Amino acid sequence: MSILYPNAPGLGTALETAATTALKAAGISSSTFEFTSGQTDWSQQINEIRSDNADFVIVEEGDFDAGYFMRQYATSGIGKPVLCFEYNTTVQQVAARRSRGRSSPTTRSREHPHERLAAAFVKSFEAQYHYTPDYYPAGYYEDVFLIWQLMSRVADKKGNVNSGSDLLAALLQKPQFPSVFGGNASTPGILGFSPTTHQTSIRPMTLTQIKNGQEVTVANFGIDAAGFSVVNQAATHLAS
């Protein structure tokens, strides 16, 4: 596999290491190539991928970067499947719909929500902004909802909602919250945090394949591939 990672201090190295370590453990060889976040010309990286002659390409980025990469990659003739970190309207518009055969792991799409909390969010968002939200506004909403939940917990115990100590205690007591991602018609998804690492520990995500500009869900999973399940066997073959 050819892996493209950002040259951002700390983050880029962490992404590169995580990818190469996991692939090596699975018996897959890889080569890594740097890119600069925000670049619009990907000819150098595409030439490196061509020389590497890999069977699969991983681009550790999304949004504008993924869009510009796919725009050039689609005309390169390399034709190998590409995995990017996210897919949204920005990627689609910048890539000029040239993302066919491309896959992306993201938080679960809310374009067709089945869980009531997510459905309520999408309905109110569309009424206000007149377009279907992706995971960015959903995440912003969820952040506000999380703070509201913490304040409610503190208020229920007659604490001080302006006290950082009281809010922290409420968080540590139960570091899990209803999420607009994942879930089903009766049970909301879960957003969870680790009180020891201070990182997200529970987050529903999905692997999607892009066909003709549309997302096709291949599998659902959590952090570290927890609960990984294929939901569309026919989509698991990633055509170029």
# chains A, B, ... in the order shown; residues from 1 in each chain; ligands from 1
>>> select_by_dssp(residues="range 39-236 of chain A", states="strand (DSSP E)", output="PyMOL selection string")
chain A and resi 57-59+82-84+103-107+176-183+188-193+200-202+205-211+214-221+229-230
>>> atom_distance(atom1="CA of Thr90 in chain A", atom2="CA of Tyr135 in chain A")
12.1 Å
>>> closest_atom_pairs(of="range 24-73 of chain A", to="range 82-89 of chain A", cutoff="9 Å", atoms="only C-alpha atoms", output="Markdown table")
| residue | atom | partner | partner_atom | distance |
| --- | --- | --- | --- | --- |
| A:Phe56 | CA | A:Val82 | CA | 6.2 |
| A:Val57 | CA | A:Val82 | CA | 4.7 |
| A:Ile58 | CA | A:Leu83 | CA | 4.7 |
| A:Val59 | CA | A:Cys84 | CA | 4.9 |
| A:Glu60 | CA | A:Phe85 | CA | 5.9 |
| A:Glu61 | CA | A:Phe85 | CA | 5.4 |
| A:Gly62 | CA | A:Glu86 | CA | 5.0 |
| A:Asp63 | CA | A:Glu86 | CA | 6.8 |
| A:Ala66 | CA | A:Cys84 | CA | 6.6 |
| A:Gly67 | CA | A:Tyr87 | CA | 8.8 |
| A:Met70 | CA | A:Val82 | CA | 8.6 |
>>> write_last_selection(atoms="all heavy atoms", output="CSV table (one decimal), in the first residue's frame")
chain,number,residue,atom,x,y,z
A,56,PHE,N,-3.0,-0.5,-3.4
A,56,PHE,CA,-4.1,0.2,-2.7
A,56,PHE,C,-3.4,1.5,-2.2
A,56,PHE,O,-2.2,1.5,-1.9
A,56,PHE,CB,-4.6,-0.6,-1.5
A,56,PHE,CG,-5.9,-0.1,-1.0
A,56,PHE,CD1,-7.1,-0.6,-1.4
A,56,PHE,CD2,-5.9,0.8,0.1
A,56,PHE,CE1,-8.3,-0.3,-0.9
A,56,PHE,CE2,-7.2,1.2,0.6
A,56,PHE,CZ,-8.3,0.7,0.1
A,57,VAL,N,-4.2,2.6,-2.1
A,57,VAL,CA,-3.7,3.9,-1.7
A,57,VAL,C,-4.5,4.4,-0.5
A,57,VAL,O,-5.7,4.3,-0.5
A,57,VAL,CB,-3.8,4.9,-2.9
A,57,VAL,CG1,-3.2,6.3,-2.4
A,57,VAL,CG2,-3.0,4.5,-4.1
A,58,ILE,N,-3.8,4.9,0.5
A,58,ILE,CA,-4.4,5.5,1.7
A,58,ILE,C,-4.0,6.9,1.8
A,58,ILE,O,-2.8,7.2,1.8
A,58,ILE,CB,-4.0,4.8,3.0
A,58,ILE,CG1,-4.5,3.3,3.0
A,58,ILE,CG2,-4.6,5.5,4.2
A,58,ILE,CD1,-4.1,2.5,4.2
A,59,VAL,N,-5.0,7.8,1.7
A,59,VAL,CA,-4.7,9.3,1.9
A,59,VAL,C,-5.2,9.7,3.3
A,59,VAL,O,-6.4,9.7,3.5
A,59,VAL,CB,-5.4,10.1,0.8
A,59,VAL,CG1,-5.0,11.6,1.0
A,59,VAL,CG2,-4.9,9.6,-0.6
A,60,GLU,N,-4.3,10.0,4.2
A,60,GLU,CA,-4.7,10.3,5.5
A,60,GLU,C,-5.2,11.7,5.7
A,60,GLU,O,-4.6,12.6,6.4
A,60,GLU,CB,-3.6,10.0,6.5
A,60,GLU,CG,-3.2,8.5,6.5
A,60,GLU,CD,-2.2,8.1,7.5
A,60,GLU,OE1,-1.2,8.9,7.6
A,60,GLU,OE2,-2.2,7.0,8.1
A,61,GLU,N,-6.3,12.1,5.0
A,61,GLU,CA,-6.8,13.4,5.0
A,61,GLU,C,-8.2,13.4,4.5
A,61,GLU,O,-8.7,12.4,3.9
A,61,GLU,CB,-5.9,14.3,4.2
A,61,GLU,CG,-6.2,15.8,4.3
A,61,GLU,CD,-6.1,16.3,5.8
A,61,GLU,OE1,-7.1,16.1,6.5
A,61,GLU,OE2,-5.1,16.9,6.2
A,62,GLY,N,-8.9,14.5,4.6
A,62,GLY,CA,-10.3,14.6,4.0
A,62,GLY,C,-10.5,16.0,3.6
A,62,GLY,O,-9.6,16.8,3.3
A,63,ASP,N,-11.8,16.4,3.4
A,63,ASP,CA,-12.2,17.7,3.1
A,63,ASP,C,-11.6,18.2,1.8
A,63,ASP,O,-11.5,17.4,0.8
A,63,ASP,CB,-12.0,18.7,4.2
A,63,ASP,CG,-13.0,19.8,4.3
A,63,ASP,OD1,-14.2,19.5,4.2
A,63,ASP,OD2,-12.6,20.9,4.4
A,66,ALA,N,-8.7,15.8,0.3
A,66,ALA,CA,-9.2,14.6,-0.4
A,66,ALA,C,-9.8,15.0,-1.7
A,66,ALA,O,-9.6,14.2,-2.7
A,66,ALA,CB,-10.2,13.9,0.5
A,67,GLY,N,-10.5,16.1,-1.8
A,67,GLY,CA,-11.1,16.5,-3.0
A,67,GLY,C,-10.1,16.8,-4.1
A,67,GLY,O,-10.2,16.3,-5.3
A,70,MET,N,-8.3,13.5,-5.3
A,70,MET,CA,-9.1,12.7,-6.1
A,70,MET,C,-9.3,13.3,-7.5
A,70,MET,O,-9.4,12.6,-8.5
A,70,MET,CB,-10.4,12.4,-5.5
A,70,MET,CG,-10.4,11.4,-4.2
A,70,MET,SD,-9.5,9.9,-4.6
A,70,MET,CE,-10.5,9.2,-5.9
>>> closest_residue(among="A:Asn184, A:Thr17, A:Thr206, A:Ser31", to="Asn232 in chain A", atoms="only C-alpha atoms")
A:Thr206
